[in-house]
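This is upload06.csv. It holds CSV, C-alpha atoms.
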```
chain,number,residue,atom,x,y,z
A,90,MET,CA,0.0,0.0,0.0
A,91,LYS,CA,1.7,3.2,-1.2
A,92,LEU,CA,0.8,6.1,1.0
A,93,GLU,CA,1.4,9.6,-0.3
A,94,ASN,CA,0.2,12.8,1.4
A,95,GLN,CA,-0.8,10.5,4.2
A,96,TYR,CA,-2.3,11.8,7.4
A,97,ILE,CA,-1.6,9.9,10.6
A,98,LEU,CA,-3.6,10.4,13.8
A,99,ILE,CA,-1.6,9.1,16.7
A,100,VAL,CA,-3.9,8.4,19.6
A,101,SER,CA,-1.9,8.3,22.8
A,102,ASN,CA,-2.6,7.8,26.5
A,103,GLU,CA,0.7,9.5,27.2
A,104,PRO,CA,1.0,13.3,26.4
A,105,TRP,CA,3.6,14.7,24.2
A,106,GLY,CA,6.6,15.9,26.3
A,107,ASP,CA,10.2,15.2,27.3
A,108,VAL,CA,9.5,11.5,28.1
A,109,TRP,CA,9.1,9.5,25.0
A,110,PHE,CA,7.3,6.1,24.6
A,111,SER,CA,6.6,4.1,21.5
A,112,LYS,CA,3.8,6.5,20.4
A,113,GLN,CA,6.1,9.6,20.5
A,114,ASN,CA,8.8,7.7,18.7
A,115,TYR,CA,6.5,6.6,15.9
A,116,ALA,CA,5.1,10.1,15.6
A,117,TYR,CA,8.6,11.5,15.2
A,118,GLU,CA,9.8,8.8,12.8
A,119,LEU,CA,6.6,9.0,10.6
A,120,SER,CA,7.1,12.8,10.4
A,121,ARG,CA,10.7,12.3,9.3
A,122,LEU,CA,9.4,10.1,6.5
A,123,GLY,CA,7.2,12.9,5.3
A,124,TYR,CA,3.8,12.0,6.8
A,125,GLN,CA,1.6,14.7,8.3
A,126,VAL,CA,1.2,13.6,11.9
A,127,PHE,CA,-1.5,14.7,14.4
A,128,PHE,CA,-0.5,13.6,17.9
A,129,ILE,CA,-3.7,13.4,19.9
A,130,ASN,CA,-3.0,14.0,23.6
A,131,PRO,CA,-5.0,12.3,26.3
A,132,THR,CA,-7.8,14.4,27.8
A,133,ASN,CA,-7.4,16.0,31.2
A,134,LYS,CA,-9.6,15.2,34.2
A,135,TRP,CA,-13.3,16.0,33.5
A,136,ASN,CA,-15.2,18.9,35.0
A,137,TRP,CA,-18.6,20.4,34.5
A,138,LEU,CA,-17.4,23.1,32.2
A,139,ASN,CA,-16.3,20.5,29.7
A,140,ILE,CA,-20.0,20.1,28.7
A,141,PHE,CA,-19.7,23.4,26.8
A,142,SER,CA,-16.3,22.8,25.3
A,143,PHE,CA,-16.2,22.4,21.5
A,144,LYS,CA,-12.7,23.8,20.9
A,145,VAL,CA,-9.7,21.8,19.7
A,146,ASN,CA,-6.2,23.3,20.1
A,147,TYR,CA,-3.7,22.5,17.4
A,148,THR,CA,-0.1,23.3,18.4
A,149,THR,CA,2.9,23.1,16.1
A,150,ILE,CA,6.2,22.1,17.6
A,151,GLY,CA,9.9,22.1,16.6
A,152,TYR,CA,9.5,18.8,14.7
A,153,LYS,CA,8.4,19.2,11.1
A,154,ASN,CA,5.1,17.6,10.2
A,155,ILE,CA,3.9,17.1,13.8
A,156,THR,CA,0.9,18.9,15.3
A,157,ILE,CA,-0.2,18.3,18.9
A,158,VAL,CA,-3.9,18.1,19.4
A,159,ASP,CA,-5.7,18.9,22.6
A,160,TYR,CA,-9.5,18.8,23.4
A,161,LYS,CA,-11.8,18.0,26.3
A,162,ASN,CA,-14.4,15.2,26.7
A,163,ASN,CA,-17.8,16.7,27.0
A,164,PHE,CA,-19.1,14.0,29.3
A,165,PRO,CA,-17.4,12.0,32.1
A,166,GLN,CA,-16.5,8.4,31.4
A,167,THR,CA,-16.4,7.3,35.1
A,168,ILE,CA,-20.2,6.8,35.0
A,169,PHE,CA,-22.4,5.2,32.2
A,170,LYS,CA,-19.0,4.3,30.8
A,171,LYS,CA,-20.0,2.7,27.5
A,172,VAL,CA,-22.7,5.2,26.7
A,173,PHE,CA,-20.6,8.3,27.5
A,174,THR,CA,-17.6,6.9,25.8
A,175,LYS,CA,-19.6,6.4,22.6
A,176,ILE,CA,-21.1,9.9,22.8
A,177,ASN,CA,-17.7,11.5,23.5
A,178,ASP,CA,-16.2,9.7,20.5
A,179,PHE,CA,-19.0,11.0,18.3
A,180,ILE,CA,-18.7,14.6,19.4
A,181,ASN,CA,-14.9,14.6,19.3
A,182,CYS,CA,-14.9,13.3,15.8
A,183,ILE,CA,-17.1,16.2,14.8
A,184,LYS,CA,-14.7,18.6,16.5
A,185,LEU,CA,-11.7,17.1,14.7
A,186,ASN,CA,-13.5,17.0,11.4
A,187,LYS,CA,-13.5,20.8,11.3
A,188,ASN,CA,-9.8,20.8,10.6
A,189,ILE,CA,-9.0,17.2,9.6
A,190,THR,CA,-11.1,15.4,7.0
A,191,LEU,CA,-11.8,12.1,8.8
A,192,ASN,CA,-13.7,10.5,5.9
A,193,ASN,CA,-10.5,10.2,3.9
A,194,SER,CA,-8.8,7.2,2.4
A,195,ASN,CA,-5.5,8.9,3.0
A,196,LEU,CA,-6.0,9.0,6.8
A,197,ILE,CA,-4.8,6.4,9.3
A,198,TRP,CA,-5.9,6.2,13.0
A,199,TRP,CA,-2.8,4.8,14.7
A,200,GLN,CA,-4.0,4.0,18.2
A,201,PHE,CA,-1.8,2.9,21.1
A,202,ASP,CA,-4.7,2.5,23.6
A,203,PRO,CA,-8.3,1.6,23.4
A,204,PHE,CA,-9.8,4.3,25.5
A,205,ARG,CA,-10.9,6.8,22.8
A,206,PHE,CA,-12.2,6.7,19.2
A,207,ILE,CA,-13.3,3.1,19.6
A,208,ASN,CA,-15.5,3.3,16.6
A,209,LYS,CA,-14.5,5.2,13.5
A,210,PRO,CA,-16.9,7.8,12.1
A,211,ILE,CA,-19.8,6.2,10.1
A,212,ASN,CA,-18.9,5.4,6.5
A,213,SER,CA,-15.3,6.5,7.0
A,214,LEU,CA,-12.8,5.5,4.4
A,215,SER,CA,-9.9,5.8,6.9
A,216,LYS,CA,-7.9,2.9,8.2
A,217,ARG,CA,-7.1,2.0,11.8
A,218,ILE,CA,-4.0,0.4,13.3
A,219,TYR,CA,-4.3,-0.8,16.9
A,220,HIS,CA,-0.7,-0.8,18.2
A,221,VAL,CA,-0.6,-3.0,21.3
A,222,VAL,CA,2.5,-2.2,23.4
A,223,ASP,CA,0.8,-3.1,26.7
A,224,SER,CA,-1.9,-5.6,27.1
A,225,TYR,CA,-5.3,-4.0,27.8
A,226,ASN,CA,-7.3,-7.2,27.9
A,227,SER,CA,-8.8,-6.3,31.3
A,228,PHE,CA,-10.6,-3.3,29.7
A,229,TRP,CA,-14.0,-3.7,27.9
A,230,GLN,CA,-12.9,-1.4,25.1
A,231,ASP,CA,-10.0,-3.7,24.1
A,232,LYS,CA,-12.0,-6.4,22.3
A,233,ILE,CA,-14.2,-3.8,20.5
A,234,ILE,CA,-11.3,-1.8,19.1
A,235,ALA,CA,-9.4,-5.0,18.2
A,236,GLN,CA,-12.3,-6.2,16.1
A,237,GLU,CA,-12.9,-2.8,14.5
A,238,SER,CA,-9.2,-2.4,13.5
A,239,ASP,CA,-7.8,-3.0,10.0
A,240,LEU,CA,-4.5,-4.2,11.5
A,241,ILE,CA,-3.3,-5.1,15.0
A,242,VAL,CA,0.4,-4.6,15.7
A,243,CYS,CA,1.8,-6.4,18.8
A,244,THR,CA,5.2,-5.6,20.3
A,245,ASN,CA,5.3,-8.8,22.2
A,246,THR,CA,4.9,-12.3,20.7
A,247,SER,CA,2.9,-13.4,23.7
A,248,TYR,CA,0.1,-11.0,22.7
A,249,VAL,CA,-0.4,-12.3,19.2
A,250,ASN,CA,-2.5,-15.4,19.6
A,251,ARG,CA,-5.0,-13.7,21.9
A,252,TYR,CA,-5.5,-10.8,19.5
A,253,LYS,CA,-5.8,-13.1,16.6
A,254,GLU,CA,-8.9,-14.5,18.2
A,255,TYR,CA,-10.4,-11.0,17.7
A,256,ASN,CA,-8.8,-10.1,14.4
A,257,LYS,CA,-6.9,-12.4,11.9
A,258,LYS,CA,-4.9,-9.4,10.7
A,259,THR,CA,-2.6,-9.4,13.8
A,260,ILE,CA,1.2,-9.2,13.4
A,261,TYR,CA,4.3,-9.1,15.6
A,262,ILE,CA,6.5,-6.0,15.3
A,263,PRO,CA,9.2,-5.5,18.0
A,264,HIS,CA,10.2,-2.1,19.5
A,265,GLY,CA,12.2,0.0,17.1
A,266,ILE,CA,15.3,2.1,17.2
A,267,SER,CA,15.8,5.6,15.8
A,268,SER,CA,19.1,6.7,14.2
A,269,ASP,CA,19.0,9.5,16.8
A,270,GLU,CA,19.6,6.9,19.5
A,271,TYR,CA,23.3,6.7,18.5
A,272,LEU,CA,23.9,10.5,18.8
A,273,VAL,CA,25.8,11.6,21.9
A,274,ASP,CA,27.8,14.6,23.1
A,275,GLU,CA,31.3,13.5,24.2
A,276,LYS,CA,31.8,16.6,26.4
A,277,LYS,CA,28.5,15.9,28.2
A,278,ILE,CA,29.5,12.3,28.7
A,279,ILE,CA,32.9,13.3,30.3
A,280,ALA,CA,31.0,15.8,32.6
A,281,LEU,CA,28.5,13.2,33.7
A,282,LYS,CA,31.2,10.7,34.6
A,283,LYS,CA,32.9,13.4,36.6
A,284,GLU,CA,29.7,14.3,38.4
A,285,PHE,CA,28.4,10.7,39.2
A,286,GLY,CA,31.5,8.6,39.0
A,287,ASN,CA,31.0,5.0,37.8
A,288,TYR,CA,27.3,4.4,37.9
A,289,ALA,CA,24.4,2.2,36.7
A,290,VAL,CA,21.5,3.9,35.0
A,291,LEU,CA,17.8,3.1,35.3
A,292,VAL,CA,15.6,4.8,32.7
A,293,GLY,CA,11.8,4.7,33.0
A,294,ASN,CA,8.8,6.0,34.9
A,295,ILE,CA,8.6,5.2,38.6
A,296,GLU,CA,5.5,3.2,39.1
A,297,ASN,CA,4.1,0.6,41.5
A,298,ASP,CA,5.9,-2.3,39.7
A,299,ILE,CA,9.4,-1.0,40.5
A,300,ASN,CA,11.3,-3.3,42.8
A,301,ILE,CA,12.2,-1.0,45.8
A,302,ASN,CA,13.8,-3.8,47.7
A,303,LEU,CA,16.1,-4.6,44.8
A,304,ILE,CA,17.1,-0.9,44.5
A,305,LYS,CA,17.9,-0.8,48.2
A,306,ASN,CA,20.2,-3.8,47.8
A,307,ILE,CA,22.0,-2.1,44.9
A,308,LEU,CA,22.5,1.1,47.0
A,309,SER,CA,23.6,-0.9,50.1
A,310,ASN,CA,26.3,-2.5,47.9
A,311,LYS,CA,27.8,1.0,47.4
A,312,ILE,CA,26.8,1.1,43.7
A,313,ASN,CA,26.0,4.6,42.3
A,314,LEU,CA,22.6,4.6,40.7
A,315,VAL,CA,21.2,7.3,38.4
A,316,VAL,CA,17.5,7.2,37.8
A,317,ILE,CA,15.7,9.1,35.1
A,318,GLY,CA,11.9,9.2,34.7
A,319,PHE,CA,8.6,10.6,36.0
A,320,GLU,CA,7.5,9.8,39.6
A,321,TYR,CA,4.1,8.2,39.4
A,322,ILE,CA,4.5,6.9,43.0
A,323,LYS,CA,5.4,9.0,46.0
A,324,ASN,CA,5.4,6.7,49.0
A,325,ASN,CA,7.7,6.4,52.0
A,326,GLU,CA,9.8,3.5,50.6
A,327,TRP,CA,10.6,5.5,47.4
A,328,GLU,CA,11.3,8.7,49.4
A,329,GLU,CA,13.7,6.8,51.7
A,330,LEU,CA,15.9,5.9,48.7
A,331,LYS,CA,16.7,9.5,48.2
A,332,ASN,CA,18.5,9.5,51.5
A,333,TYR,CA,21.3,7.3,50.1
A,334,PRO,CA,24.3,9.3,49.1
A,335,ASN,CA,24.8,7.1,46.0
A,336,PHE,CA,21.2,7.5,44.7
A,337,PHE,CA,20.7,10.2,42.1
A,338,TYR,CA,17.1,10.7,41.0
A,339,LEU,CA,17.2,13.2,38.2
A,340,GLY,CA,13.5,13.3,37.3
A,341,VAL,CA,12.4,13.8,33.7
A,342,ILE,CA,15.1,14.5,31.1
A,343,ASN,CA,14.4,15.3,27.4
A,344,ALA,CA,14.3,12.1,25.4
A,345,LYS,CA,17.1,13.4,23.1
A,346,GLU,CA,19.4,14.0,26.1
A,347,VAL,CA,19.0,10.6,27.8
A,348,ASN,CA,21.5,9.0,25.4
A,349,ASN,CA,24.3,10.9,27.1
A,350,TYR,CA,23.4,9.6,30.5
A,351,ILE,CA,23.3,6.0,29.2
A,352,ALA,CA,26.6,6.4,27.3
A,353,ALA,CA,28.3,7.6,30.5
A,354,SER,CA,27.1,4.7,32.6
A,355,LYS,CA,28.5,1.2,33.1
A,356,VAL,CA,25.3,-0.8,32.8
A,357,GLY,CA,21.5,-0.3,32.0
A,358,LEU,CA,19.0,-1.7,34.4
A,359,VAL,CA,15.4,-3.1,34.3
A,360,THR,CA,14.1,-3.3,37.9
A,361,TYR,CA,10.6,-4.5,37.8
A,362,CYS,CA,9.4,-6.7,40.8
A,363,PHE,CA,10.4,-10.3,40.7
A,364,ASP,CA,7.1,-11.8,39.7
A,365,LYS,CA,6.5,-15.1,37.9
A,366,GLU,CA,3.5,-13.6,36.1
A,367,ILE,CA,5.6,-10.9,34.4
A,368,THR,CA,8.8,-12.9,33.9
A,369,ILE,CA,7.4,-15.1,31.1
A,370,ASN,CA,8.0,-12.9,28.1
A,371,SER,CA,5.2,-10.6,29.1
A,372,ARG,CA,7.0,-7.3,28.6
A,373,THR,CA,9.7,-5.9,26.3
A,374,PRO,CA,10.8,-2.5,27.9
A,375,LEU,CA,11.7,0.1,25.3
A,376,LYS,CA,14.6,1.2,27.6
A,377,ILE,CA,16.5,-2.0,26.6
A,378,ILE,CA,16.8,-0.8,23.1
A,379,ASN,CA,18.1,2.5,24.4
A,380,TYR,CA,20.7,0.8,26.5
A,381,LEU,CA,21.9,-1.5,23.6
A,382,ALA,CA,22.3,1.4,21.3
A,383,GLN,CA,25.0,2.7,23.6
A,384,ASN,CA,26.7,-0.7,23.8
A,385,LYS,CA,25.7,-1.2,27.5
A,386,PRO,CA,25.1,-4.6,29.0
A,387,VAL,CA,21.5,-4.9,30.3
A,388,ILE,CA,20.5,-6.6,33.6
A,389,SER,CA,16.8,-7.4,33.8
A,390,SER,CA,14.6,-8.7,36.6
A,391,ILE,CA,12.1,-10.0,34.1
A,392,GLN,CA,12.3,-12.3,31.1
A,393,THR,CA,11.8,-10.6,27.7
A,394,PRO,CA,11.1,-12.1,24.2
A,395,LEU,CA,14.7,-11.1,23.1
A,396,SER,CA,16.1,-14.6,23.6
A,397,ILE,CA,18.6,-14.0,20.8
A,398,LEU,CA,20.4,-11.5,23.1
A,399,GLU,CA,20.3,-13.6,26.3
A,400,ASN,CA,23.8,-13.8,27.9
A,401,LYS,CA,25.1,-11.9,24.8
A,402,ALA,CA,23.9,-8.4,25.9
A,403,ILE,CA,20.9,-9.0,28.2
A,404,PHE,CA,21.5,-10.8,31.5
A,405,TYR,CA,18.5,-12.0,33.5
A,406,ALA,CA,18.5,-12.2,37.3
A,407,PHE,CA,15.4,-13.1,39.3
A,408,ASN,CA,16.7,-12.6,42.8
A,409,ASN,CA,18.7,-9.9,44.6
A,410,GLU,CA,21.9,-12.0,44.9
A,411,ASP,CA,22.2,-12.8,41.2
A,412,TYR,CA,21.3,-9.3,40.2
A,413,ILE,CA,24.0,-7.7,42.4
A,414,SER,CA,26.5,-10.3,41.1
A,415,TYR,CA,25.8,-9.3,37.5
A,416,MET,CA,26.1,-5.7,38.4
A,417,GLN,CA,29.5,-6.2,40.0
A,418,ASP,CA,30.6,-8.0,36.9
A,419,ALA,CA,29.4,-5.1,34.8
A,420,PHE,CA,31.4,-2.6,36.8
A,421,GLU,CA,34.5,-4.8,36.5
A,422,GLU,CA,33.7,-5.1,32.7
A,423,LYS,CA,33.3,-8.9,32.9
A,424,LEU,CA,29.9,-8.9,31.1
A,425,ASN,CA,30.9,-9.4,27.6
A,426,ILE,CA,28.6,-8.1,24.8
A,427,ASN,CA,28.4,-9.8,21.5
A,428,LYS,CA,28.5,-6.6,19.5
A,429,GLU,CA,28.0,-8.3,16.1
A,430,ILE,CA,24.7,-9.9,17.3
A,431,VAL,CA,23.6,-6.7,18.9
A,432,THR,CA,24.4,-4.6,15.8
A,433,ASN,CA,22.6,-7.1,13.5
A,434,TYR,CA,19.5,-7.0,15.8
A,435,LEU,CA,19.4,-3.2,16.0
A,436,THR,CA,19.8,-2.9,12.3
A,437,SER,CA,16.8,-5.2,11.8
A,438,ILE,CA,14.5,-3.0,13.9
A,439,THR,CA,15.1,0.5,12.5
A,440,TYR,CA,11.9,2.6,12.4
A,441,PRO,CA,11.8,3.0,8.6
A,442,LYS,CA,11.9,-0.8,8.2
A,443,LEU,CA,9.2,-1.4,10.8
A,444,ILE,CA,7.0,1.4,9.5
A,445,LYS,CA,7.3,0.0,5.9
A,446,ASN,CA,6.4,-3.4,7.1
A,447,ILE,CA,3.4,-2.2,9.1
A,448,LEU,CA,2.0,-0.1,6.2
A,449,ASN,CA,2.6,-2.9,3.7
A,450,LYS,CA,0.5,-5.2,5.9
A,451,LEU,CA,-2.2,-2.6,6.2
```

Take the structure in the file and write it out as structure tokens.
Amino acid sequence: MKLENQYILIVSNEPWGDVWFSKQNYAYELSRLGYQVFFINPTNKWNWLNIFSFKVNYTTIGYKNITIVDYKNNFPQTIFKKVFTKINDFINCIKLNKNITLNNSNLIWWQFDPFRFINKPINSLSKRIYHVVDSYNSFWQDKIIAQESDLIVCTNTSYVNRYKEYNKKTIYIPHGISSDEYLVDEKKIIALKKEFGNYAVLVGNIENDININLIKNILSNKINLVVIGFEYIKNNEWEELKNYPNFFYLGVINAKEVNNYIAASKVGLVTYCFDKEITINSRTPLKIINYLAQNKPVISSIQTPLSILENKAIFYAFNNEDYISYMQDAFEEKLNINKEIVTNYLTSITYPKLIKNILNKL
């Protein structure tokens, strides 16, 4: 399917900002390929004034061909969920249609969550991609949007069979890598090494599934740890970590600057809780790709589908003792990376290749 003058509507449950997830990366990479991208931010918390809101804000940003879209839901979706969701979708499509022709064969809804625009406008000629990065099978909208989509893209092989029950046009596409991931500033790297010494880096939002006990063990072993990401949790256990002199929580850093922090580190970490339910290939953190791009060994507390890289770049540890042991090896440069295998893998998942594959399937 050759797509010229194509409009892409990225529907995201994460707003555009300094922290980038798959949806932000796809928006950026599609824009680089010449597509006109409208990145539809999630709506803010509902209030009564929203009933009278029919305005849509379109904001252009520094990246060519990307427009950020903000609007408000007219009705709350915490009550009469199915009814109000459908009404909101109908009204919001009318709002968007004032500036974007939705009944257009050159338009693709590229949706990363099932919470909005579940049904396309009536008689619409547009296409829909449901890009499943995280499994939403516990939500009632998931099955509907899966059945309504023209193509389902799963970033994890373990999702494929279940979504094929809803829609035969389901494919596996791994997380991608941008050419920008290799760009670093040597002066900044030198400055970071001077500021933090030898350190491990943990990139990602701080949520309930972070393994606080594991991080305490890392810090107790006198290992410097730099953490980058947004705080979604603020409890006593997390706050106590900030008392360690070797713990450096930096908060949110622009996605295009994170490479420098990874490049200056000794090892990249994945520190989800040790849990059998999430260790059987159920997640493939995007941060792993970021670490590999800077030739850093990865130590993970969960199993991922990247078996080709096991013990060649990714090292799995499912208890504190093994995890710390791997970290000590990393600091002593004993964790050998098979650079040829890593390079071949990263070359196979560049965004232009993945996007071409997806659109060809569509």

For this session: Could you give me, as a ChimeraX atom specification, the residues that sit within 12 Å of (-7.0, 16.1, 31.9) in the file's coordinates, counting only C-alpha atoms?
Result: /A:102-104,130-136,139,159-163,165

Emit the selected residues as a CSV table (one decimal), in the coordinates of the input, including C-alpha atoms.
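Once everything was written out, this is out.csv:
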```csv
chain,number,residue,atom,x,y,z
A,102,ASN,CA,-2.6,7.8,26.5
A,103,GLU,CA,0.7,9.5,27.2
A,104,PRO,CA,1.0,13.3,26.4
A,130,ASN,CA,-3.0,14.0,23.6
A,131,PRO,CA,-5.0,12.3,26.3
A,132,THR,CA,-7.8,14.4,27.8
A,133,ASN,CA,-7.4,16.0,31.2
A,134,LYS,CA,-9.6,15.2,34.2
A,135,TRP,CA,-13.3,16.0,33.5
A,136,ASN,CA,-15.2,18.9,35.0
A,139,ASN,CA,-16.3,20.5,29.7
A,159,ASP,CA,-5.7,18.9,22.6
A,160,TYR,CA,-9.5,18.8,23.4
A,161,LYS,CA,-11.8,18.0,26.3
A,162,ASN,CA,-14.4,15.2,26.7
A,163,ASN,CA,-17.8,16.7,27.0
A,165,PRO,CA,-17.4,12.0,32.1
```

Report task. Might you pull out every residue within 8 Å of His220 (chain A), with all atoms listed in the file counted and same-chain residues fewer than 3 positions away left off, and present them as an NGL selection string? Result -> :A and (199-202 or 241-244)

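Between Thr432 (chain A) and the residues A:Phe285, A:Tyr350, A:Phe206, A:Tyr271, the shortest atom-to-atom distance, using only C-alpha atoms, involves A:Tyr271.
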
Using only C-alpha atoms, the shortest atom-to-atom distance to Leu98 (chain A) among A:Ala419, A:Val273, A:Leu191, A:Leu281 belongs to A:Leu191

From the set A:Leu451, A:Gly357, A:Thr393, A:Glu296, which residue has the shortest atom-to-atom contact distance to Tyr405 (chain A), counting all atoms listed in the file?
->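 Checking each candidate against Tyr405 (chain A), we get A:Thr393 as the closest.
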
Do you know which residues are at most 7 Å from Phe363 (chain A) counting all atoms listed in the file, after dropping those on the same chain fewer than 3 positions away, and could you put them as a PyMOL selection string? chain A and resi 390-391+407

Exercise. Identify, on the basis of all atoms listed in the file, every residue whose closest approach to region 433-443 of chain A does not exceed 8 Å; exclude the query and any residue fewer than 3 positions from it along the same chain; express the result as JSON, numbers by chain.
Key: {"A": [115, 118, 122, 262, 263, 264, 265, 266, 267, 268, 378, 382, 429, 430, 446, 447]}

So, with all atoms listed in the file as the atoms that count, which of A:Val431, A:Ile312, A:Val341, A:Thr259 lies closest to Lys450 (chain A)?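 Smallest separation from Lys450 (chain A) among the options: A:Thr259.
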
Selected residue of minimal separation from Thr190 (chain A) among A:Val292, A:Ile157, A:Val249, A:Ile97, counting only C-alpha atoms: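 Distance minimum relative to Thr190 (chain A) lands on A:Ile97.
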
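Between CA of Asp418 (chain A) and CA of Pro374 (chain A) the separation is 22.4 Å.
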
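Distances from A:Asn335, A:Asn379, A:Asn325, A:Asn313 to Met416 (chain A) were compared using only C-alpha atoms, and the smallest one belongs to A:Asn313.
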
Quick one: residues within 7 Å of Phe164 (chain A), all atoms listed in the file, excluding same-chain residues fewer than 5 positions away - as an mmCIF file with C-alpha atoms, in the coordinates of the input?
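Written file, result06.cif:
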```cif
data_model
loop_
_atom_site.group_PDB
_atom_site.id
_atom_site.type_symbol
_atom_site.label_atom_id
_atom_site.label_comp_id
_atom_site.auth_asym_id
_atom_site.auth_seq_id
_atom_site.Cartn_x
_atom_site.Cartn_y
_atom_site.Cartn_z
ATOM 1 C CA ILE A 140 -20.000 20.100 28.700
ATOM 2 C CA PHE A 173 -20.600 8.300 27.500
ATOM 3 C CA ASN A 177 -17.700 11.500 23.500
#
```

**Asked** Which residues, protein or nucleic acid, reach to within 10 Å of (28.5, 11.0, 37.8) in the file's coordinates when using all atoms listed in the file, and can you give that as a PyMOL selection string?
**Response** chain A and resi 278-289+313-315+335+337+350+353-354

Check your understanding: Could you pull the residues within 12 Å of Lys171 (chain A), counting all atoms listed in the file, minus those fewer than 6 positions along the same chain, as a PyMOL selection string?
Key -> chain A and resi 164-165+177-178+204-205+207-208+228-230+233

CA of Thr360 (chain A) to CA of Ser224 (chain A) measures 19.4 Å

*Figure out the distance between CA of Ser389 (chain A) and CA of Asp411 (chain A), please, to one decimal in Å.*
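Here the two named atoms are 10.6 Å from each other.
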